[in-house]
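A.B. asks: Sharing input31.csv, CSV, C-alpha atoms:
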```csv
chain,number,residue,atom,x,y,z
A,9,GLY,CA,0.0,0.0,0.0
A,10,ASN,CA,0.9,3.7,-0.1
A,11,SER,CA,2.9,5.2,2.7
A,12,VAL,CA,4.5,8.5,3.7
A,13,THR,CA,7.5,8.9,5.9
A,14,GLN,CA,8.4,12.2,7.6
A,15,MET,CA,11.6,13.0,9.5
A,16,GLU,CA,11.1,12.5,13.1
A,17,GLY,CA,10.6,15.6,15.2
A,18,PRO,CA,10.2,17.8,17.1
A,19,VAL,CA,12.3,20.4,15.3
A,20,THR,CA,13.3,23.6,17.2
A,21,LEU,CA,14.9,26.5,15.4
A,22,SER,CA,15.8,30.1,16.1
A,23,GLU,CA,14.0,32.8,14.1
A,24,GLU,CA,15.5,33.4,10.6
A,25,ALA,CA,17.0,29.9,10.5
A,26,PHE,CA,16.7,27.6,7.5
A,27,LEU,CA,14.2,24.9,7.6
A,28,THR,CA,14.1,21.5,6.0
A,29,ILE,CA,11.5,18.8,6.8
A,30,ASN,CA,12.2,15.6,4.9
A,31,CYS,CA,9.4,13.6,3.4
A,32,THR,CA,9.6,10.4,1.3
A,33,TYR,CA,6.8,8.3,-0.1
A,34,THR,CA,5.9,4.9,-1.5
A,35,ALA,CA,3.1,4.7,-4.0
A,36,THR,CA,2.1,3.0,-7.2
A,37,GLY,CA,1.5,5.3,-10.1
A,38,TYR,CA,1.9,9.0,-10.0
A,39,PRO,CA,0.3,10.5,-6.9
A,40,SER,CA,-0.3,14.2,-6.1
A,41,LEU,CA,1.8,15.4,-3.1
A,42,PHE,CA,0.8,17.8,-0.4
A,43,TRP,CA,2.0,19.6,2.7
A,44,TYR,CA,-0.6,20.5,5.2
A,45,VAL,CA,0.0,22.6,8.3
A,46,GLN,CA,-1.9,22.6,11.6
A,47,TYR,CA,-1.5,25.7,13.7
A,48,PRO,CA,-2.2,25.4,17.5
A,49,GLY,CA,-5.9,25.1,18.1
A,50,GLU,CA,-6.8,24.9,14.4
A,51,GLY,CA,-7.6,22.3,11.8
A,52,LEU,CA,-5.3,21.1,9.1
A,53,GLN,CA,-5.0,23.4,6.1
A,54,LEU,CA,-3.2,23.0,2.8
A,55,LEU,CA,0.2,24.7,2.7
A,56,LEU,CA,1.3,23.7,-0.8
A,57,LYS,CA,0.9,21.0,-3.4
A,58,ALA,CA,2.5,19.5,-6.5
A,59,THR,CA,0.7,17.2,-9.0
A,60,LYS,CA,3.4,15.9,-11.2
A,61,ALA,CA,7.2,15.2,-11.2
A,62,ASP,CA,9.5,18.2,-11.0
A,63,ASP,CA,6.6,20.5,-10.1
A,64,LYS,CA,7.5,22.9,-7.3
A,65,GLY,CA,4.8,24.0,-4.8
A,66,SER,CA,5.2,27.2,-2.9
A,67,ASN,CA,3.3,29.3,-0.4
A,68,LYS,CA,4.1,31.7,2.4
A,69,GLY,CA,7.9,31.3,1.7
A,70,PHE,CA,7.7,27.5,1.9
A,71,GLU,CA,8.7,25.4,-1.1
A,72,ALA,CA,8.7,21.7,-2.0
A,73,THR,CA,9.7,20.0,-5.2
A,74,TYR,CA,8.2,16.7,-6.4
A,75,ARG,CA,11.2,14.4,-7.0
A,76,LYS,CA,10.1,11.2,-8.6
A,77,GLU,CA,13.6,9.7,-8.9
A,78,THR,CA,14.0,9.9,-5.1
A,79,THR,CA,10.3,9.7,-4.2
A,80,SER,CA,10.7,12.7,-2.1
A,81,PHE,CA,8.9,16.0,-1.4
A,82,HIS,CA,11.0,17.8,1.2
A,83,LEU,CA,9.7,21.1,2.7
A,84,GLU,CA,12.0,24.1,2.9
A,85,LYS,CA,11.9,27.7,4.0
A,86,GLY,CA,14.8,30.0,3.9
A,87,SER,CA,14.0,32.1,7.0
A,88,VAL,CA,11.5,30.8,9.6
A,89,GLN,CA,9.4,33.1,11.8
A,90,VAL,CA,7.9,32.5,15.2
A,91,SER,CA,4.5,32.4,13.5
A,92,ASP,CA,5.6,29.3,11.5
A,93,SER,CA,5.4,27.2,14.7
A,94,ALA,CA,3.0,24.4,13.9
A,95,VAL,CA,2.7,20.7,13.0
A,96,TYR,CA,3.5,19.9,9.3
A,97,PHE,CA,2.1,16.9,7.6
A,98,CYS,CA,3.2,15.5,4.3
A,99,ALA,CA,0.6,13.6,2.3
A,100,LEU,CA,0.0,11.9,-1.0
A,101,ARG,CA,-3.2,11.4,-2.9
A,102,ALA,CA,-3.5,8.4,-5.2
A,103,HIS,CA,-5.6,8.6,-8.3
A,104,ALA,CA,-8.1,6.3,-6.7
A,105,GLY,CA,-8.9,9.2,-4.4
A,106,LYS,CA,-7.4,8.0,-1.1
A,107,SER,CA,-5.1,10.3,0.8
A,108,THR,CA,-2.2,9.0,3.0
A,109,PHE,CA,-0.6,11.2,5.6
A,110,GLY,CA,2.7,11.1,7.4
A,111,ASP,CA,2.9,11.3,11.2
A,112,GLY,CA,3.6,15.0,11.3
A,113,THR,CA,6.6,17.1,12.3
A,114,THR,CA,6.3,19.6,15.1
A,115,LEU,CA,8.2,22.8,14.4
A,116,THR,CA,8.9,25.3,17.2
A,117,VAL,CA,10.6,28.6,16.3
A,118,LYS,CA,12.1,30.6,19.1
A,119,PRO,CA,12.6,34.4,18.9
B,12,GLU,CA,-17.2,30.9,2.3
B,13,ALA,CA,-17.9,28.9,5.5
B,14,GLY,CA,-15.4,26.1,6.2
B,15,VAL,CA,-16.0,22.6,7.4
B,16,VAL,CA,-18.0,22.7,10.6
B,17,GLN,CA,-17.7,19.9,13.3
B,18,SER,CA,-19.4,19.4,16.6
B,19,PRO,CA,-18.8,18.9,19.4
B,20,ARG,CA,-15.2,20.2,19.7
B,21,TYR,CA,-14.7,18.2,22.9
B,22,LYS,CA,-16.5,15.2,24.4
B,23,ILE,CA,-15.7,13.2,27.5
B,24,ILE,CA,-17.6,10.0,28.2
B,25,GLU,CA,-17.2,6.9,30.2
B,26,LYS,CA,-16.4,3.6,28.4
B,27,LYS,CA,-19.4,1.7,27.0
B,28,GLN,CA,-21.3,4.9,26.4
B,29,PRO,CA,-22.4,6.0,22.9
B,30,VAL,CA,-21.1,9.1,21.3
B,31,ALA,CA,-21.9,10.9,18.0
B,32,PHE,CA,-20.0,13.5,16.0
B,33,TRP,CA,-21.5,15.8,13.4
B,34,CYS,CA,-20.0,17.3,10.3
B,35,ASN,CA,-21.2,19.9,7.8
B,36,PRO,CA,-18.9,20.1,4.8
B,37,ILE,CA,-18.2,23.1,2.5
B,38,SER,CA,-21.1,23.9,0.3
B,39,GLY,CA,-20.8,22.1,-3.0
B,40,HIS,CA,-18.2,19.6,-1.9
B,41,ASN,CA,-19.5,16.2,-2.9
B,42,THR,CA,-16.8,14.2,-1.1
B,43,LEU,CA,-16.7,13.9,2.6
B,44,TYR,CA,-14.2,12.1,4.8
B,45,TRP,CA,-13.9,11.0,8.4
B,46,TYR,CA,-10.4,10.6,9.7
B,47,LEU,CA,-9.1,9.4,13.0
B,48,GLN,CA,-6.0,11.1,14.4
B,49,ASN,CA,-4.2,9.6,17.4
B,50,LEU,CA,-1.8,11.7,19.4
B,51,GLY,CA,1.5,12.1,17.5
B,52,GLN,CA,0.2,10.5,14.4
B,53,GLY,CA,-1.2,11.6,11.1
B,54,PRO,CA,-4.9,11.3,10.1
B,55,GLU,CA,-6.1,7.8,9.1
B,56,LEU,CA,-9.1,7.4,6.9
B,57,LEU,CA,-12.2,5.8,8.5
B,58,ILE,CA,-14.7,6.4,5.7
B,59,ARG,CA,-15.1,8.3,2.5
B,60,TYR,CA,-18.4,9.4,0.9
B,61,GLU,CA,-19.1,10.4,-2.6
B,62,ASN,CA,-22.4,12.2,-2.2
B,63,GLU,CA,-24.5,9.8,0.0
B,64,GLU,CA,-22.6,6.7,-1.0
B,65,ALA,CA,-19.8,5.3,1.2
B,66,VAL,CA,-17.2,4.4,-1.4
B,67,ASP,CA,-14.4,3.4,1.0
B,68,ASP,CA,-15.2,2.2,4.5
B,69,SER,CA,-12.5,-0.6,4.7
B,70,GLN,CA,-10.9,1.0,7.7
B,71,LEU,CA,-14.1,1.6,9.7
B,72,PRO,CA,-14.4,-0.8,12.7
B,73,LYS,CA,-18.0,-1.8,11.8
B,74,ASP,CA,-18.6,-3.7,15.1
B,75,ARG,CA,-18.8,-0.4,17.0
B,76,PHE,CA,-18.5,2.5,14.5
B,77,SER,CA,-21.2,3.6,12.0
B,78,ALA,CA,-21.6,6.6,9.8
B,79,GLU,CA,-24.3,8.1,7.6
B,80,ARG,CA,-24.7,10.9,5.1
B,81,LEU,CA,-28.3,10.6,4.3
B,82,LYS,CA,-28.9,13.6,2.0
B,83,GLY,CA,-25.4,13.8,0.6
B,84,VAL,CA,-24.6,16.9,2.7
B,85,ASP,CA,-23.9,16.7,6.4
B,86,SER,CA,-22.7,13.5,8.1
B,87,THR,CA,-22.7,11.8,11.5
B,88,LEU,CA,-20.2,9.4,12.9
B,89,LYS,CA,-21.3,7.2,15.8
B,90,ILE,CA,-19.4,5.0,18.2
B,91,GLN,CA,-21.4,2.5,20.3
B,92,PRO,CA,-20.1,1.4,22.7
B,93,ALA,CA,-17.0,3.5,23.2
B,94,GLU,CA,-13.8,1.9,24.4
B,95,LEU,CA,-10.8,3.4,26.1
B,96,GLY,CA,-8.7,3.1,22.9
B,97,ASP,CA,-11.2,5.3,21.0
B,98,SER,CA,-9.8,8.4,22.7
B,99,ALA,CA,-8.5,10.5,19.8
B,100,VAL,CA,-9.4,13.4,17.5
B,101,TYR,CA,-12.0,12.7,14.9
B,102,LEU,CA,-11.5,14.9,11.8
B,103,CYS,CA,-14.0,15.6,9.1
B,104,ALA,CA,-12.8,16.8,5.7
B,105,SER,CA,-14.4,17.6,2.4
B,106,SER,CA,-13.3,18.1,-1.2
B,107,LYS,CA,-14.8,18.9,-4.5
B,108,GLY,CA,-15.0,15.3,-5.6
B,109,GLY,CA,-13.4,13.0,-8.0
B,110,GLY,CA,-12.7,13.4,-11.7
B,111,GLN,CA,-9.7,14.3,-13.7
B,112,GLY,CA,-8.2,17.7,-13.0
B,113,ASN,CA,-9.2,17.6,-9.4
B,114,THR,CA,-6.0,17.6,-7.4
B,115,GLY,CA,-7.8,16.5,-4.4
B,116,GLU,CA,-7.1,19.2,-1.8
B,117,LEU,CA,-8.8,18.4,1.4
B,118,PHE,CA,-10.5,21.0,3.6
B,119,PHE,CA,-10.5,20.0,7.3
B,120,GLY,CA,-12.7,20.9,10.2
B,121,GLU,CA,-11.2,21.7,13.6
B,122,GLY,CA,-11.9,18.2,14.8
B,123,SER,CA,-13.8,16.6,17.7
B,124,ARG,CA,-11.6,15.5,20.6
B,125,LEU,CA,-12.9,12.4,22.3
B,126,THR,CA,-11.8,11.3,25.8
B,127,VAL,CA,-13.1,7.9,27.0
B,128,LEU,CA,-12.7,7.4,30.7
```
In structure tokens, what does this structure look like?
C.D. replies:
Amino acid sequence: GNSVTQMEGPVTLSEEAFLTINCTYTATGYPSLFWYVQYPGEGLQLLLKATKADDKGSNKGFEATYRKETTSFHLEKGSVQVSDSAVYFCALRAHAGKSTFGDGTTLTVKP
Amino acid sequence: EAGVVQSPRYKIIEKKQPVAFWCNPISGHNTLYWYLQNLGQGPELLIRYENEEAVDDSQLPKDRFSAERLKGVDSTLKIQPAELGDSAVYLCASSKGGGQGNTGELFFGEGSRLTVL
């Protein structure tokens, strides 16, 4: 079956540091890939997505590139802010319509 | 545009009691999902509806869990009887539905946190 593996957390960074959260996947076919973010006390919301190989999703300074050769979709941001503190979930969606999520990575950014 | 609405936000019950969660999806979204989220883990699909039809309920423990979406809009998830291990967050999500060109973004509610004592 399909699966998503995220780097284990939690991750603690100082403000303006560089962020990378690794995500690799196993899937048949060519799934769409997503990063969702969950801020404290809120529901999950889409951060960015990519639907085919070599696509780059970007939003709010975050980026991730769909790498088919390495089956990866790593999340990056050049300069994190305190307001980026949240839980980040990598996910894939197979063409059959089923979404599979990673276990989430908790990011804490300190001023 | 109103988001996905869930209720209650929090529920505390004793084991063996019944509990129900309600979800109203975003208007026009044909697909509705119920997910289970345990602490420190990602959401796991319980059931997916296309309109009023349950198209994937393979992960729903049917001995104690049931769900319905009678008019293809809002939905109810029920647990009867609840067990200690059911303590978790129950998430509802909706999307625009299947078909080519739909990238499948999910819109989540804030979740219903269940504590079984």
A.B. asks: Atom CA of A:Asp111 to atom CA of B:Leu56: how many Å, to one decimal?
C.D. replies: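 For atom CA of A:Asp111 relative to atom CA of B:Leu56, the distance reads 13.3 Å.
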A.B. asks: Counting all atoms listed in the file, what are the residues of chain B within 12 Å of chain A, and for each of them which pair of atoms is the nearest and at what distance in Å, to one decimal? Sort the table by chain and rising number, as a Markdown table.
C.D. replies:
```
| residue | atom | partner | partner_atom | distance |
| --- | --- | --- | --- | --- |
| B:Gly14 | CA | A:Gly51 | CA | 10.3 |
| B:Val15 | CA | A:Gly51 | CA | 9.5 |
| B:Val16 | CA | A:Gly51 | CA | 10.5 |
| B:Gln17 | CA | A:Gly51 | CA | 10.5 |
| B:Arg20 | CA | A:Gly49 | CA | 10.6 |
| B:Thr42 | CA | A:Gly105 | CA | 9.9 |
| B:Leu43 | CA | A:Gly105 | CA | 11.5 |
| B:Tyr44 | CA | A:Lys106 | CA | 9.9 |
| B:Trp45 | CA | A:Ser107 | CA | 11.6 |
| B:Tyr46 | CA | A:Ser107 | CA | 10.4 |
| B:Leu47 | CA | A:Phe109 | CA | 11.4 |
| B:Gln48 | CA | A:Asp111 | CA | 9.5 |
| B:Asn49 | CA | A:Asp111 | CA | 9.6 |
| B:Leu50 | CA | A:Asp111 | CA | 9.5 |
| B:Gly51 | CA | A:Asp111 | CA | 6.5 |
| B:Gln52 | CA | A:Asp111 | CA | 4.3 |
| B:Gly53 | CA | A:Asp111 | CA | 4.1 |
| B:Pro54 | CA | A:Phe109 | CA | 6.2 |
| B:Glu55 | CA | A:Thr108 | CA | 7.3 |
| B:Leu56 | CA | A:Ser107 | CA | 7.8 |
| B:Leu57 | CA | A:Lys106 | CA | 11.0 |
| B:Ile58 | CA | A:Lys106 | CA | 10.1 |
| B:Arg59 | CA | A:Lys106 | CA | 8.5 |
| B:Tyr60 | CA | A:Gly105 | CA | 10.9 |
| B:Glu61 | CA | A:Gly105 | CA | 10.4 |
| B:Val66 | CA | A:Gly105 | CA | 10.0 |
| B:Asp67 | CA | A:Lys106 | CA | 8.6 |
| B:Asp68 | CA | A:Lys106 | CA | 11.2 |
| B:Ser69 | CA | A:Lys106 | CA | 11.6 |
| B:Gln70 | CA | A:Lys106 | CA | 11.8 |
| B:Val100 | CA | A:Gly51 | CA | 10.7 |
| B:Tyr101 | CA | A:Gly51 | CA | 11.0 |
| B:Leu102 | CA | A:Gly51 | CA | 8.4 |
| B:Cys103 | CA | A:Gly51 | CA | 9.7 |
| B:Ala104 | CA | A:Leu52 | CA | 9.3 |
| B:Ser105 | CA | A:Gln53 | CA | 11.6 |
| B:Ser106 | CA | A:Gly105 | CA | 10.4 |
| B:Lys107 | CA | A:Gly105 | CA | 11.4 |
| B:Gly108 | CA | A:Gly105 | CA | 8.7 |
| B:Gly109 | CA | A:Gly105 | CA | 6.9 |
| B:Gly110 | CA | A:His103 | CA | 9.2 |
| B:Gln111 | CA | A:His103 | CA | 8.9 |
| B:Gly112 | CA | A:Thr59 | CA | 9.8 |
| B:Asn113 | CA | A:His103 | CA | 9.8 |
| B:Thr114 | CA | A:Ser40 | CA | 6.8 |
| B:Gly115 | CA | A:Arg101 | CA | 7.0 |
| B:Glu116 | CA | A:Leu54 | CA | 7.1 |
| B:Leu117 | CA | A:Leu54 | CA | 7.4 |
| B:Phe118 | CA | A:Gln53 | CA | 6.5 |
| B:Phe119 | CA | A:Leu52 | CA | 5.6 |
| B:Gly120 | CA | A:Gly51 | CA | 5.5 |
| B:Glu121 | CA | A:Gly51 | CA | 4.1 |
| B:Gly122 | CA | A:Gly51 | CA | 6.7 |
| B:Ser123 | CA | A:Gly51 | CA | 10.3 |
| B:Arg124 | CA | A:Gly49 | CA | 11.4 |
```
A.B. asks: Restricting the output to C-alpha atoms, write the selected residues as a PDB file, in the frame of the given file.
C.D. replies:
```pdb
ATOM      1  CA  GLY B  14     -15.400  26.100   6.200  1.00  0.00           C
ATOM      2  CA  VAL B  15     -16.000  22.600   7.400  1.00  0.00           C
ATOM      3  CA  VAL B  16     -18.000  22.700  10.600  1.00  0.00           C
ATOM      4  CA  GLN B  17     -17.700  19.900  13.300  1.00  0.00           C
ATOM      5  CA  ARG B  20     -15.200  20.200  19.700  1.00  0.00           C
ATOM      6  CA  THR B  42     -16.800  14.200  -1.100  1.00  0.00           C
ATOM      7  CA  LEU B  43     -16.700  13.900   2.600  1.00  0.00           C
ATOM      8  CA  TYR B  44     -14.200  12.100   4.800  1.00  0.00           C
ATOM      9  CA  TRP B  45     -13.900  11.000   8.400  1.00  0.00           C
ATOM     10  CA  TYR B  46     -10.400  10.600   9.700  1.00  0.00           C
ATOM     11  CA  LEU B  47      -9.100   9.400  13.000  1.00  0.00           C
ATOM     12  CA  GLN B  48      -6.000  11.100  14.400  1.00  0.00           C
ATOM     13  CA  ASN B  49      -4.200   9.600  17.400  1.00  0.00           C
ATOM     14  CA  LEU B  50      -1.800  11.700  19.400  1.00  0.00           C
ATOM     15  CA  GLY B  51       1.500  12.100  17.500  1.00  0.00           C
ATOM     16  CA  GLN B  52       0.200  10.500  14.400  1.00  0.00           C
ATOM     17  CA  GLY B  53      -1.200  11.600  11.100  1.00  0.00           C
ATOM     18  CA  PRO B  54      -4.900  11.300  10.100  1.00  0.00           C
ATOM     19  CA  GLU B  55      -6.100   7.800   9.100  1.00  0.00           C
ATOM     20  CA  LEU B  56      -9.100   7.400   6.900  1.00  0.00           C
ATOM     21  CA  LEU B  57     -12.200   5.800   8.500  1.00  0.00           C
ATOM     22  CA  ILE B  58     -14.700   6.400   5.700  1.00  0.00           C
ATOM     23  CA  ARG B  59     -15.100   8.300   2.500  1.00  0.00           C
ATOM     24  CA  TYR B  60     -18.400   9.400   0.900  1.00  0.00           C
ATOM     25  CA  GLU B  61     -19.100  10.400  -2.600  1.00  0.00           C
ATOM     26  CA  VAL B  66     -17.200   4.400  -1.400  1.00  0.00           C
ATOM     27  CA  ASP B  67     -14.400   3.400   1.000  1.00  0.00           C
ATOM     28  CA  ASP B  68     -15.200   2.200   4.500  1.00  0.00           C
ATOM     29  CA  SER B  69     -12.500  -0.600   4.700  1.00  0.00           C
ATOM     30  CA  GLN B  70     -10.900   1.000   7.700  1.00  0.00           C
ATOM     31  CA  VAL B 100      -9.400  13.400  17.500  1.00  0.00           C
ATOM     32  CA  TYR B 101     -12.000  12.700  14.900  1.00  0.00           C
ATOM     33  CA  LEU B 102     -11.500  14.900  11.800  1.00  0.00           C
ATOM     34  CA  CYS B 103     -14.000  15.600   9.100  1.00  0.00           C
ATOM     35  CA  ALA B 104     -12.800  16.800   5.700  1.00  0.00           C
ATOM     36  CA  SER B 105     -14.400  17.600   2.400  1.00  0.00           C
ATOM     37  CA  SER B 106     -13.300  18.100  -1.200  1.00  0.00           C
ATOM     38  CA  LYS B 107     -14.800  18.900  -4.500  1.00  0.00           C
ATOM     39  CA  GLY B 108     -15.000  15.300  -5.600  1.00  0.00           C
ATOM     40  CA  GLY B 109     -13.400  13.000  -8.000  1.00  0.00           C
ATOM     41  CA  GLY B 110     -12.700  13.400 -11.700  1.00  0.00           C
ATOM     42  CA  GLN B 111      -9.700  14.300 -13.700  1.00  0.00           C
ATOM     43  CA  GLY B 112      -8.200  17.700 -13.000  1.00  0.00           C
ATOM     44  CA  ASN B 113      -9.200  17.600  -9.400  1.00  0.00           C
ATOM     45  CA  THR B 114      -6.000  17.600  -7.400  1.00  0.00           C
ATOM     46  CA  GLY B 115      -7.800  16.500  -4.400  1.00  0.00           C
ATOM     47  CA  GLU B 116      -7.100  19.200  -1.800  1.00  0.00           C
ATOM     48  CA  LEU B 117      -8.800  18.400   1.400  1.00  0.00           C
ATOM     49  CA  PHE B 118     -10.500  21.000   3.600  1.00  0.00           C
ATOM     50  CA  PHE B 119     -10.500  20.000   7.300  1.00  0.00           C
ATOM     51  CA  GLY B 120     -12.700  20.900  10.200  1.00  0.00           C
ATOM     52  CA  GLU B 121     -11.200  21.700  13.600  1.00  0.00           C
ATOM     53  CA  GLY B 122     -11.900  18.200  14.800  1.00  0.00           C
ATOM     54  CA  SER B 123     -13.800  16.600  17.700  1.00  0.00           C
ATOM     55  CA  ARG B 124     -11.600  15.500  20.600  1.00  0.00           C
TER      56      ARG B 124
END
```
A.B. asks: Can you measure atom CA of A:Gly17 to atom CA of A:Lys68 for me? One decimal in Å is fine.
C.D. replies: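 These two atoms are separated by 21.6 Å.
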A.B. asks: Calculated over only C-alpha atoms, which of the candidates B:Ser98, B:Thr126, B:Ser77, B:Gln91 has the smallest distance to B:Val30?
C.D. replies: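 Closest candidate: B:Gln91.
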A.B. asks: Quick one: everything within 7 Å of B:Val84, counting all atoms listed in the file, minus sequence neighbours fewer than 3 positions away in the same chain. Send it as a PyMOL selection string.
C.D. replies: chain B and resi 35-36+80
A.B. asks: I'd like the interatomic distance between atom CA of A:Ala72 and atom CA of A:Asp92, to a tenth of an Å.
C.D. replies: 15.8 Å
A.B. asks: Kindly extract all protein, DNA and RNA residues lying within 7 Å of the coordinates (0.3, 27.4, 18.2) given in the file, considering all atoms listed in the file, and supply them as a list in words.
C.D. replies: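 Those within range, by chain then number, are Tyr47, Pro48, Gly49, Ser93 and Ala94 of chain A.
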A.B. asks: Would you mind exporting the chosen residues as a PDB file, in the coordinates of the input, restricted to C-alpha atoms?
C.D. replies:
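Saved result, again33.pdb, follows:
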```
ATOM      1  CA  TYR A  47      -1.500  25.700  13.700  1.00  0.00           C
ATOM      2  CA  PRO A  48      -2.200  25.400  17.500  1.00  0.00           C
ATOM      3  CA  GLY A  49      -5.900  25.100  18.100  1.00  0.00           C
ATOM      4  CA  SER A  93       5.400  27.200  14.700  1.00  0.00           C
ATOM      5  CA  ALA A  94       3.000  24.400  13.900  1.00  0.00           C
TER       6      ALA A  94
END
```
A.B. asks: Mind listing whatever residues come within 9 Å of the point (10.9, 20.1, 20.5)? Use only C-alpha atoms, file coordinates, and give them as a list in words.
C.D. replies: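 Using only C-alpha atoms, the matching residues come out as Gly17, Pro18, Val19, Thr20, Thr114, Leu115 and Thr116 of chain A.
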A.B. asks: Would you mind telling me which residue in A:Lys76, A:Ser91, A:Glu71, A:Val45 lies nearest to A:Tyr33 when using all atoms listed in the file?
C.D. replies: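 Checking each candidate against A:Tyr33, we get A:Lys76 as the closest.
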A.B. asks: Check the smallest atom-to-atom distance from each of B:Cys34, B:Ile23, B:Ala78, B:Ala13 to B:Leu128 using only C-alpha atoms, then report the winner.
C.D. replies: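 Ranking B:Cys34, B:Ile23, B:Ala78, B:Ala13 by distance to B:Leu128, first place goes to B:Ile23.
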A.B. asks: Complete stretch 108-114 of chain A at the level of all heavy atoms, written as a PDB file, in the frame of the given file.
C.D. replies:
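Contents of the output file selection37.pdb:
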```
ATOM      1  N   THR A 108      -3.048   9.591   1.932  1.00  0.00           N
ATOM      2  CA  THR A 108      -2.200   9.000   3.000  1.00  0.00           C
ATOM      3  C   THR A 108      -1.355  10.056   3.590  1.00  0.00           C
ATOM      4  O   THR A 108      -0.706  10.809   2.847  1.00  0.00           O
ATOM      5  CB  THR A 108      -1.391   7.839   2.417  1.00  0.00           C
ATOM      6  OG1 THR A 108      -2.250   6.866   1.804  1.00  0.00           O
ATOM      7  CG2 THR A 108      -0.591   7.167   3.529  1.00  0.00           C
ATOM      8  N   PHE A 109      -1.324  10.118   4.923  1.00  0.00           N
ATOM      9  CA  PHE A 109      -0.600  11.200   5.600  1.00  0.00           C
ATOM     10  C   PHE A 109       0.612  10.591   6.365  1.00  0.00           C
ATOM     11  O   PHE A 109       0.593   9.451   6.843  1.00  0.00           O
ATOM     12  CB  PHE A 109      -1.498  11.851   6.650  1.00  0.00           C
ATOM     13  CG  PHE A 109      -2.553  12.718   6.042  1.00  0.00           C
ATOM     14  CD1 PHE A 109      -3.709  12.172   5.531  1.00  0.00           C
ATOM     15  CD2 PHE A 109      -2.386  14.095   5.986  1.00  0.00           C
ATOM     16  CE1 PHE A 109      -4.691  12.968   4.954  1.00  0.00           C
ATOM     17  CE2 PHE A 109      -3.361  14.904   5.424  1.00  0.00           C
ATOM     18  CZ  PHE A 109      -4.502  14.350   4.901  1.00  0.00           C
ATOM     19  N   GLY A 110       1.643  11.428   6.503  1.00  0.00           N
ATOM     20  CA  GLY A 110       2.700  11.100   7.400  1.00  0.00           C
ATOM     21  C   GLY A 110       2.312  11.412   8.841  1.00  0.00           C
ATOM     22  O   GLY A 110       1.206  11.894   9.092  1.00  0.00           O
ATOM     23  N   ASP A 111       3.205  11.140   9.784  1.00  0.00           N
ATOM     24  CA  ASP A 111       2.900  11.300  11.200  1.00  0.00           C
ATOM     25  C   ASP A 111       3.023  12.730  11.701  1.00  0.00           C
ATOM     26  O   ASP A 111       2.724  13.000  12.872  1.00  0.00           O
ATOM     27  CB  ASP A 111       3.719  10.372  12.053  1.00  0.00           C
ATOM     28  CG  ASP A 111       3.244   8.931  11.970  1.00  0.00           C
ATOM     29  OD1 ASP A 111       2.063   8.721  11.603  1.00  0.00           O
ATOM     30  OD2 ASP A 111       4.042   8.034  12.257  1.00  0.00           O
ATOM     31  N   GLY A 112       3.479  13.623  10.858  1.00  0.00           N
ATOM     32  CA  GLY A 112       3.600  15.000  11.300  1.00  0.00           C
ATOM     33  C   GLY A 112       4.942  15.335  11.910  1.00  0.00           C
ATOM     34  O   GLY A 112       5.545  14.485  12.558  1.00  0.00           O
ATOM     35  N   THR A 113       5.378  16.566  11.719  1.00  0.00           N
ATOM     36  CA  THR A 113       6.600  17.100  12.300  1.00  0.00           C
ATOM     37  C   THR A 113       6.278  18.374  13.036  1.00  0.00           C
ATOM     38  O   THR A 113       5.760  19.307  12.406  1.00  0.00           O
ATOM     39  CB  THR A 113       7.699  17.310  11.279  1.00  0.00           C
ATOM     40  OG1 THR A 113       7.983  16.093  10.598  1.00  0.00           O
ATOM     41  CG2 THR A 113       8.969  17.844  11.935  1.00  0.00           C
ATOM     42  N   THR A 114       6.558  18.424  14.331  1.00  0.00           N
ATOM     43  CA  THR A 114       6.300  19.600  15.100  1.00  0.00           C
ATOM     44  C   THR A 114       7.453  20.584  15.012  1.00  0.00           C
ATOM     45  O   THR A 114       8.587  20.216  15.321  1.00  0.00           O
ATOM     46  CB  THR A 114       6.018  19.277  16.579  1.00  0.00           C
ATOM     47  OG1 THR A 114       4.890  18.403  16.649  1.00  0.00           O
ATOM     48  CG2 THR A 114       5.731  20.536  17.380  1.00  0.00           C
TER      49      THR A 114
END
```
